[in-house]
file coords-v2.tsv (TSV, C-alpha atoms)
chain	number	residue	atom	x	y	z
A	779	MET	CA	-15.50	37.88	-6.65
A	780	LYS	CA	-17.97	37.03	-9.38
A	781	PRO	CA	-15.71	34.73	-11.42
A	782	MET	CA	-15.00	32.85	-8.19
A	783	LEU	CA	-18.71	32.26	-7.63
A	784	VAL	CA	-19.13	31.07	-11.20
A	785	LEU	CA	-16.23	28.66	-10.75
A	786	ILE	CA	-17.69	27.30	-7.52
A	787	ALA	CA	-21.06	26.86	-9.21
A	788	ILE	CA	-19.47	24.95	-12.09
A	789	LEU	CA	-17.53	22.70	-9.73
A	790	ALA	CA	-20.59	22.06	-7.58
A	791	ALA	CA	-22.64	21.17	-10.64
A	792	GLY	CA	-19.88	18.86	-11.85
A	793	ALA	CA	-19.44	16.92	-8.60
A	794	PRO	CA	-22.38	14.52	-9.05
A	795	LEU	CA	-21.26	13.97	-12.64
A	796	CYS	CA	-17.85	12.74	-11.44
A	797	ALA	CA	-19.54	10.15	-9.27
A	798	ALA	CA	-21.62	9.03	-12.22
A	799	TRP	CA	-18.60	8.60	-14.49
A	800	ALA	CA	-17.95	5.07	-13.41
A	801	LEU	CA	-14.30	4.17	-13.56
A	802	ASP	CA	-15.48	0.68	-13.15
A	803	PRO	CA	-17.91	-0.47	-15.81
A	804	ALA	CA	-17.89	-4.04	-14.49
A	805	ARG	CA	-21.19	-5.21	-13.06
A	806	LEU	CA	-22.08	-8.34	-11.17
A	807	THR	CA	-25.24	-9.99	-12.45
A	808	ASP	CA	-26.60	-10.59	-8.95
A	809	PRO	CA	-27.82	-7.22	-7.59
A	810	ALA	CA	-27.17	-8.32	-3.98
A	811	LEU	CA	-23.54	-9.09	-4.82
A	812	GLN	CA	-23.27	-5.83	-6.75
A	813	ALA	CA	-24.49	-3.93	-3.68
A	814	ARG	CA	-21.91	-5.63	-1.44
A	815	TYR	CA	-19.27	-4.98	-4.10
A	816	GLU	CA	-20.09	-1.26	-4.15
A	817	VAL	CA	-19.74	-1.07	-0.36
A	818	LEU	CA	-16.46	-2.99	-0.37
A	819	ILE	CA	-14.75	-0.90	-3.04
A	820	HIS	CA	-15.68	2.26	-1.14
A	821	GLU	CA	-14.18	0.90	2.09
A	822	LEU	CA	-10.90	-0.32	0.66
A	823	ARG	CA	-7.91	1.75	-0.30
A	824	CYS	CA	-6.17	1.79	-3.64
A	825	VAL	CA	-2.74	0.53	-2.56
A	826	GLN	CA	-0.93	2.61	-5.15
A	827	CYS	CA	-2.64	5.97	-4.89
A	828	GLU	CA	-3.27	5.58	-1.17
A	829	ASN	CA	-5.73	8.37	-0.58
A	830	SER	CA	-8.35	7.17	-3.02
A	831	THR	CA	-10.68	4.27	-2.53
A	832	LEU	CA	-10.70	1.35	-4.94
A	833	ALA	CA	-13.94	2.79	-6.29
A	834	ASP	CA	-12.45	6.06	-7.44
A	835	SER	CA	-9.02	5.00	-8.59
A	836	ASP	CA	-8.15	4.30	-12.19
A	837	ALA	CA	-4.74	2.83	-11.31
A	838	TRP	CA	-4.13	-0.55	-12.89
A	839	ILE	CA	-3.64	-2.27	-9.55
A	840	ALA	CA	-7.01	-0.92	-8.34
A	841	ASN	CA	-8.58	-2.40	-11.45
A	842	ASP	CA	-6.99	-5.79	-10.68
A	843	VAL	CA	-7.97	-5.71	-7.01
A	844	ARG	CA	-11.57	-4.85	-8.00
A	845	ARG	CA	-11.60	-7.86	-10.32
A	846	GLN	CA	-10.24	-10.00	-7.47
A	847	ILE	CA	-13.08	-8.80	-5.20
A	848	ARG	CA	-15.70	-9.54	-7.87
A	849	GLU	CA	-14.28	-13.04	-8.33
A	850	MET	CA	-14.24	-13.70	-4.59
A	851	LEU	CA	-17.84	-12.44	-4.24
A	852	THR	CA	-18.97	-14.67	-7.10
A	853	ALA	CA	-17.15	-17.59	-5.49
A	854	GLY	CA	-19.30	-17.08	-2.38
A	855	LYS	CA	-16.73	-15.49	-0.08
A	856	SER	CA	-18.03	-13.29	2.73
A	857	ASP	CA	-17.11	-9.60	3.00
A	858	GLN	CA	-14.99	-10.46	6.03
A	859	GLU	CA	-13.13	-13.21	4.15
A	860	ILE	CA	-12.35	-10.79	1.33
A	861	LYS	CA	-11.10	-8.13	3.74
A	862	THR	CA	-9.05	-10.67	5.69
A	863	TYR	CA	-7.42	-11.86	2.48
A	864	LEU	CA	-6.51	-8.35	1.34
A	865	VAL	CA	-5.25	-7.39	4.81
A	866	SER	CA	-3.08	-10.53	4.85
A	867	ARG	CA	-1.44	-9.29	1.64
A	868	TYR	CA	-1.46	-5.51	1.95
A	869	SER	CA	-1.72	-5.00	5.75
A	870	GLU	CA	-4.47	-3.15	7.57
A	871	PHE	CA	-3.48	-0.06	5.62
A	872	ILE	CA	-5.86	-1.18	2.87
A	873	LEU	CA	-8.85	-0.67	5.20
A	874	PHE	CA	-10.15	2.88	5.28
A	875	ARG	CA	-11.93	2.00	8.53
A	876	PRO	CA	-9.31	0.54	10.85
A	877	THR	CA	-10.36	-2.42	12.97
A	878	TYR	CA	-10.74	-1.95	16.73
A	879	SER	CA	-7.87	-3.49	18.66
A	880	TRP	CA	-5.92	-2.66	21.80
A	881	ARG	CA	-3.10	-1.43	19.63
A	882	ASN	CA	-5.18	1.26	17.96
A	883	ALA	CA	-7.76	1.80	20.70
A	884	TRP	CA	-6.35	5.30	21.24
A	885	LEU	CA	-7.25	6.11	17.65
A	886	TRP	CA	-10.92	5.50	18.43
A	887	LEU	CA	-10.96	6.86	21.98
A	888	LEU	CA	-8.85	9.99	21.57
A	889	PRO	CA	-11.52	12.02	19.70
A	890	VAL	CA	-14.06	11.24	22.45
A	891	VAL	CA	-11.58	12.20	25.17
A	892	LEU	CA	-10.71	15.42	23.36
A	893	LEU	CA	-14.39	16.24	22.85
A	894	LEU	CA	-15.16	15.75	26.56
A	895	LEU	CA	-12.13	17.85	27.46
A	896	GLY	CA	-13.27	20.62	25.13
A	897	VAL	CA	-16.84	20.56	26.45
A	898	SER	CA	-15.67	20.76	30.08
A	899	VAL	CA	-13.39	23.71	29.29
A	900	ALA	CA	-16.22	25.46	27.43
A	901	VAL	CA	-18.68	24.88	30.28
A	902	ARG	CA	-16.24	26.32	32.81
A	903	ILE	CA	-15.60	29.41	30.71
A	904	ILE	CA	-19.32	29.98	30.12
A	905	LYS	CA	-20.10	29.61	33.85
A	906	GLN	CA	-17.32	32.03	34.76
A	907	ARG	CA	-18.49	34.64	32.26
A	908	THR	CA	-22.09	34.37	33.41
A	909	ARG	CA	-20.95	35.02	36.99
A	910	LEU	CA	-18.90	38.03	35.90
A	911	VAL	CA	-21.84	39.64	34.14
A	912	ASP	CA	-24.08	39.09	37.15
A	913	ASN	CA	-21.65	40.69	39.56
A	914	ASP	CA	-20.55	43.57	37.41
A	915	ASP	CA	-22.98	46.45	37.30
A	916	ALA	CA	-20.44	48.96	36.03
A	917	ASP	CA	-21.31	47.94	32.49
A	918	VAL	CA	-24.96	48.69	32.87
A	919	LEU	CA	-25.76	51.65	30.68
A	920	PRO	CA	-27.49	54.58	32.28
A	921	SER	CA	-31.05	54.71	31.14
B	464	MET	CA	-1.39	33.91	38.82
B	465	SER	CA	-1.72	30.19	39.41
B	466	PRO	CA	0.45	27.62	37.62
B	467	ARG	CA	-2.65	26.75	35.63
B	468	PHE	CA	-1.39	28.83	32.74
B	469	LEU	CA	1.19	26.06	32.30
B	470	ILE	CA	-1.50	23.54	31.32
B	471	PRO	CA	-1.79	24.58	27.63
B	472	LEU	CA	1.98	24.64	27.45
B	473	GLY	CA	2.10	21.09	28.83
B	474	VAL	CA	-0.54	19.92	26.34
B	475	PHE	CA	1.44	21.52	23.53
B	476	ALA	CA	4.66	19.80	24.68
B	477	ALA	CA	2.85	16.44	24.82
B	478	LEU	CA	1.54	16.99	21.29
B	479	VAL	CA	5.04	17.78	20.04
B	480	VAL	CA	6.35	14.54	21.56
B	481	VAL	CA	3.52	12.46	20.03
B	482	LEU	CA	3.97	13.98	16.58
B	483	ALA	CA	7.77	13.72	16.70
B	484	VAL	CA	7.54	10.02	17.57
B	485	GLY	CA	4.95	9.54	14.83
B	486	ILE	CA	7.08	11.22	12.19
B	487	ASN	CA	10.26	9.40	13.17
B	488	HIS	CA	8.72	5.95	13.46
B	489	SER	CA	6.28	5.99	10.59
B	490	PRO	CA	7.45	4.04	7.57
B	491	GLU	CA	8.54	6.13	4.64
B	492	VAL	CA	5.68	7.98	2.99
B	493	GLY	CA	3.96	5.91	0.36
B	494	VAL	CA	5.54	2.67	1.46
B	495	LEU	CA	3.52	-0.30	2.63
B	496	GLN	CA	5.06	-2.69	5.11
B	497	SER	CA	4.31	-6.19	3.87
B	498	PRO	CA	2.58	-8.44	6.39
B	499	LEU	CA	4.09	-11.39	4.48
B	500	VAL	CA	7.61	-10.81	5.82
B	501	GLY	CA	8.52	-13.67	8.17
B	502	HIS	CA	5.96	-15.95	6.55
B	503	GLN	CA	5.99	-18.53	3.79
B	504	ILE	CA	5.79	-16.84	0.39
B	505	PRO	CA	2.33	-17.49	-1.12
B	506	ASP	CA	2.66	-20.18	-3.79
B	507	TRP	CA	3.33	-18.73	-7.20
B	508	GLU	CA	3.88	-20.30	-10.60
B	509	LEU	CA	4.34	-18.24	-13.76
B	510	PRO	CA	5.28	-18.83	-17.41
B	511	ILE	CA	8.87	-18.18	-18.44
B	512	LEU	CA	9.19	-15.09	-20.64
B	513	THR	CA	11.40	-16.69	-23.27
B	514	ASP	CA	9.49	-19.97	-23.32
B	515	PRO	CA	5.89	-19.56	-22.08
B	516	THR	CA	5.22	-23.29	-22.45
B	517	LYS	CA	7.38	-23.76	-19.34
B	518	THR	CA	6.75	-22.37	-15.89
B	519	LEU	CA	8.80	-21.53	-12.83
B	520	GLY	CA	7.37	-21.35	-9.34
B	521	SER	CA	7.96	-21.26	-5.62
B	522	ARG	CA	7.98	-25.08	-5.38
B	523	GLN	CA	10.90	-25.48	-7.78
B	524	LEU	CA	12.85	-22.83	-5.91
B	525	LYS	CA	12.48	-24.51	-2.51
B	526	GLY	CA	15.91	-25.18	-1.07
B	527	GLN	CA	17.45	-22.11	-2.69
B	528	TRP	CA	17.83	-18.46	-1.77
B	529	TYR	CA	16.33	-16.15	-4.35
B	530	VAL	CA	15.31	-12.56	-4.92
B	531	LEU	CA	11.94	-12.06	-6.59
B	532	ASN	CA	11.89	-8.69	-8.37
B	533	TYR	CA	8.66	-7.26	-9.79
B	534	TRP	CA	9.24	-4.90	-12.70
B	535	GLY	CA	7.78	-3.71	-15.97
B	536	THR	CA	9.02	-1.83	-19.00
B	537	TRP	CA	6.37	0.87	-18.32
B	538	CYS	CA	7.89	1.53	-14.90
B	539	ILE	CA	10.29	4.46	-14.68
B	540	ALA	CA	11.61	3.55	-11.23
B	541	CYS	CA	12.50	0.10	-12.64
B	542	ARG	CA	14.78	1.76	-15.17
B	543	GLU	CA	16.51	3.58	-12.31
B	544	GLU	CA	16.82	0.32	-10.38
B	545	HIS	CA	18.23	-1.63	-13.32
B	546	ALA	CA	21.90	-0.67	-12.87
B	547	ALA	CA	21.81	-1.73	-9.22
B	548	LEU	CA	20.35	-5.10	-10.23
B	549	LEU	CA	23.08	-5.62	-12.84
B	550	ALA	CA	25.71	-4.85	-10.18
B	551	ALA	CA	23.94	-7.23	-7.79
B	552	GLN	CA	24.05	-9.95	-10.40
B	553	ARG	CA	27.81	-9.41	-10.83
B	554	ASP	CA	28.18	-10.04	-7.06
B	555	ALA	CA	26.79	-13.51	-7.85
B	556	ARG	CA	25.68	-14.07	-4.25
B	557	VAL	CA	22.04	-14.90	-4.97
B	558	GLN	CA	19.88	-15.58	-8.03
B	559	ILE	CA	17.50	-12.83	-9.04
B	560	ILE	CA	14.21	-13.94	-10.55
B	561	GLY	CA	12.48	-11.19	-12.50
B	562	VAL	CA	8.70	-11.01	-12.75
B	563	ASP	CA	7.67	-8.94	-15.73
B	564	TRP	CA	4.36	-7.36	-14.76
B	565	LYS	CA	2.23	-6.76	-17.82
B	566	THR	CA	-0.53	-4.53	-16.35
B	567	ASP	CA	-2.19	-2.74	-19.28
B	568	ASN	CA	0.69	-2.85	-21.77
B	569	PRO	CA	-0.36	-5.17	-24.62
B	570	THR	CA	3.20	-5.47	-25.95
B	571	GLU	CA	4.86	-6.02	-22.55
B	572	ASP	CA	6.38	-9.41	-23.45
B	573	SER	CA	8.24	-8.13	-26.53
B	574	ASP	CA	9.06	-4.84	-24.76
B	575	ALA	CA	10.59	-6.84	-21.92
B	576	LEU	CA	12.78	-8.87	-24.27
B	577	GLU	CA	13.92	-5.67	-25.95
B	578	TRP	CA	14.62	-4.04	-22.58
B	579	LEU	CA	16.79	-6.97	-21.45
B	580	ALA	CA	18.66	-7.08	-24.77
B	581	LYS	CA	19.33	-3.35	-24.69
B	582	LEU	CA	19.97	-2.67	-21.01
B	583	GLY	CA	21.40	-6.03	-19.96
B	584	ASN	CA	19.81	-8.95	-18.15
B	585	PRO	CA	20.35	-9.13	-14.38
B	586	TYR	CA	18.02	-12.11	-13.98
B	587	SER	CA	18.66	-15.84	-13.71
B	588	GLN	CA	15.12	-16.32	-15.00
B	589	VAL	CA	12.35	-13.99	-16.07
B	590	VAL	CA	8.71	-15.00	-15.70
B	591	SER	CA	5.60	-13.08	-16.81
B	592	ASP	CA	2.65	-12.01	-14.68
B	593	HIS	CA	0.08	-11.44	-17.40
B	594	ASP	CA	-3.15	-11.15	-15.42
B	595	GLY	CA	-1.81	-9.54	-12.22
B	596	ARG	CA	-3.30	-12.23	-9.98
B	597	THR	CA	0.09	-13.28	-8.62
B	598	ALA	CA	0.93	-9.62	-7.94
B	599	ILE	CA	-2.12	-9.28	-5.68
B	600	ASN	CA	-1.42	-12.61	-3.99
B	601	LEU	CA	2.08	-11.36	-3.18
B	602	GLY	CA	0.79	-7.98	-1.99
B	603	ILE	CA	2.49	-5.97	-4.74
B	604	ALA	CA	1.26	-2.35	-4.85
B	605	ALA	CA	3.58	-0.78	-7.42
B	606	ALA	CA	6.72	-1.84	-9.28
B	607	PRO	CA	9.54	-2.17	-8.48
B	608	GLU	CA	9.20	-4.32	-5.38
B	609	SER	CA	11.45	-7.19	-4.35
B	610	PHE	CA	11.39	-10.11	-1.92
B	611	LEU	CA	14.32	-12.00	-0.46
B	612	VAL	CA	13.23	-15.61	0.02
B	613	ASN	CA	15.21	-18.21	1.98
B	614	PRO	CA	15.58	-21.95	1.16
B	615	GLU	CA	12.60	-22.77	3.41
B	616	GLY	CA	10.45	-20.49	1.25
B	617	VAL	CA	10.12	-17.83	3.95
B	618	ILE	CA	10.20	-14.15	2.96
B	619	VAL	CA	13.01	-12.71	5.06
B	620	PHE	CA	12.89	-9.19	3.62
B	621	LYS	CA	10.79	-7.08	1.32
B	622	GLN	CA	12.00	-3.95	-0.42
B	623	PRO	CA	8.83	-2.00	-1.22
B	624	MET	CA	10.59	0.24	-3.78
B	625	GLY	CA	13.64	0.20	-6.02
B	626	ILE	CA	16.85	-1.52	-4.97
B	627	THR	CA	19.87	0.77	-4.72
B	628	PRO	CA	23.48	-0.41	-4.17
B	629	GLU	CA	23.17	0.68	-0.51
B	630	VAL	CA	19.93	-1.23	0.01
B	631	TRP	CA	21.40	-4.26	-1.72
B	632	LYS	CA	24.35	-4.29	0.67
B	633	ARG	CA	22.48	-3.39	3.83
B	634	GLU	CA	19.27	-5.38	3.43
B	635	PHE	CA	19.99	-8.24	1.04
B	636	LEU	CA	23.67	-9.25	1.29
B	637	SER	CA	23.62	-8.94	5.09
B	638	ARG	CA	20.85	-11.55	5.31
B	639	LEU	CA	22.50	-14.10	3.03
B	640	PRO	CA	24.77	-16.85	4.38
B	641	PRO	CA	28.42	-15.66	4.24
B	642	HIS	CA	29.57	-17.68	1.23
B	643	SER	CA	26.36	-17.97	-0.76
B	644	THR	CA	26.64	-18.29	-4.52
B	645	VAL	CA	24.23	-18.41	-7.42
B	646	PRO	CA	23.13	-22.01	-8.05
B	647	PRO	CA	23.17	-23.41	-11.61
B	648	ALA	CA	20.11	-22.20	-13.53
B	649	THR	CA	16.87	-23.74	-12.31
B	650	PRO	CA	15.24	-25.43	-15.29
B	651	GLY	CA	11.62	-24.55	-15.85
B	652	ALA	CA	8.96	-27.22	-15.55
B	653	SER	CA	6.98	-27.90	-18.66

call {"tool": "encode", "arguments": {"input": "coords-v2.tsv", "output": "structure tokens"}}
result
Amino acid sequence: MKPMLVLIAILAAGAPLCAAWALDPARLTDPALQARYEVLIHELRCVQCENSTLADSDAWIANDVRRQIREMLTAGKSDQEIKTYLVSRYSEFILFRPTYSWRNAWLWLLPVVLLLLGVSVAVRIIKQRTRLVDNDDADVLPS
Amino acid sequence: MSPRFLIPLGVFAALVVVLAVGINHSPEVGVLQSPLVGHQIPDWELPILTDPTKTLGSRQLKGQWYVLNYWGTWCIACREEHAALLAAQRDARVQIIGVDWKTDNPTEDSDALEWLAKLGNPYSQVVSDHDGRTAINLGIAAAPESFLVNPEGVIVFKQPMGITPEVWKREFLSRLPPHSTVPPATPGAS
């Protein structure tokens, strides 16, 4: 058990370090642009590695797409223009946060529906149990 | 006992149906469907590998069918694809334009020439994408990827992975006009 705890401690201590090891040393001179850049690369997918964002992928294509984003930002493009361009080339798959449309409305609504369903089931069960306890005096321990 | 005990069973059955449809209809894992299919290929113009003072681009290829094949000598899947491309070239139904994608290999140009000399050259022309800008503009995620472009410049098909003899027959040859042939080599523009 102890080695496991030590391992977890080491990993936990290392996690912030990983974030600090920038894969991407490039910086935009304008801090406002740099801030928008940071947000964008965390919202867009690396098209090769697929489950990493552009920010945490060291794949060559991620490097090139990051450069493309920096160039578009410097050229005065809006975040939406940059996203629209990349979606037009790589499909909506490149967005980690899918856009809301009728086609994928279920994706957004299903969790809410399931949550409401779960809450209603839970409420019914709790009510039923409360009633049972009230009516059942066989369980009451003799004092 | 009321039929209410059937409700979880029904929910489970519905879930099975949803997941089965999802699995069967989702594109192959790791494969992006290009939104460019059915649209004009984004304009591209790249230097010719053997003579970088000249370029070849989408404008010069207007009026001709062509396959645009992204590859690189660093790409293992491209090596596997190579034999199928050589066989496709022997069919002589459509010209194959190779785009040698440099990425981070500093000696990619000379490596590419060596590759073609050693393994055979399936391409009518080979151009170089040195800075990867054209790759992004064409929505390339990973080599090999290939487009089939018609004489109007419209992408009629994209193969998001290596070409195999089966894929060549099923997806490329089937879309070409019945008696298509490779046109005489397109000269590069200076």

call {"tool": "interface_residues", "arguments": {"input": "coords-v2.tsv", "of": "chain A", "to": "chain B", "cutoff": "12 Å", "atoms": "only C-alpha atoms", "output": "PyMOL selection string"}}
result
chain A and resi 823-829+836-847+849+862-872+892+895+899

call {"tool": "atom_distance", "arguments": {"input": "coords-v2.tsv", "atom1": "CA of Ser830 in chain A", "atom2": "CA of Phe874 in chain A"}}
result
9.5 Å

call {"tool": "atom_distance", "arguments": {"input": "coords-v2.tsv", "atom1": "CA of Arg542 in chain B", "atom2": "CA of Val630 in chain B"}}
result
16.3 Å

call {"tool": "atom_distance", "arguments": {"input": "coords-v2.tsv", "atom1": "CA of Gln523 in chain B", "atom2": "CA of Asn613 in chain B"}}
result
12.9 Å

call {"tool": "residues_around", "arguments": {"input": "coords-v2.tsv", "residues": "range 509-515 of chain B", "least_positions_apart": "6", "cutoff": "7 Å", "atoms": "all atoms listed in the file", "output": "ChimeraX atom specification"}}
result
/B:572,589-592

call {"tool": "write_last_selection", "arguments": {"input": "coords-v2.tsv", "atoms": "C-alpha atoms", "output": "PDB file, in the coordinates of the input"}}
result
ATOM      1  CA  ASP B 572       6.380  -9.410 -23.450  1.00  0.00           C
ATOM      2  CA  VAL B 589      12.350 -13.990 -16.070  1.00  0.00           C
ATOM      3  CA  VAL B 590       8.710 -15.000 -15.700  1.00  0.00           C
ATOM      4  CA  SER B 591       5.600 -13.080 -16.810  1.00  0.00           C
ATOM      5  CA  ASP B 592       2.650 -12.010 -14.680  1.00  0.00           C
TER       6      ASP B 592
END

call {"tool": "closest_atom_pairs", "arguments": {"input": "coords-v2.tsv", "of": "range 481-596 of chain B", "to": "range 641-648 of chain B", "cutoff": "12 Å", "atoms": "all atoms listed in the file", "output": "tab-separated table"}}
result
residue	atom	partner	partner_atom	distance
B:Leu519	CA	B:Ala648	CA	11.4
B:Gln523	CA	B:Ala648	CA	11.3
B:Leu524	CA	B:Pro646	CA	10.5
B:Gly526	CA	B:Pro646	CA	10.5
B:Gln527	CA	B:Pro646	CA	7.8
B:Trp528	CA	B:Val645	CA	8.5
B:Tyr529	CA	B:Val645	CA	8.8
B:Val530	CA	B:Val645	CA	11.0
B:Ala551	CA	B:Val645	CA	11.2
B:Gln552	CA	B:Val645	CA	9.0
B:Arg553	CA	B:Val645	CA	10.3
B:Asp554	CA	B:Thr644	CA	8.8
B:Ala555	CA	B:Val645	CA	5.5
B:Arg556	CA	B:Thr644	CA	4.3
B:Val557	CA	B:Val645	CA	4.8
B:Gln558	CA	B:Val645	CA	5.2
B:Ile559	CA	B:Val645	CA	8.9
B:Ile560	CA	B:Ala648	CA	10.6
B:Tyr586	CA	B:Ala648	CA	10.3
B:Ser587	CA	B:Ala648	CA	6.5
B:Gln588	CA	B:Ala648	CA	7.9
B:Val589	CA	B:Ala648	CA	11.6
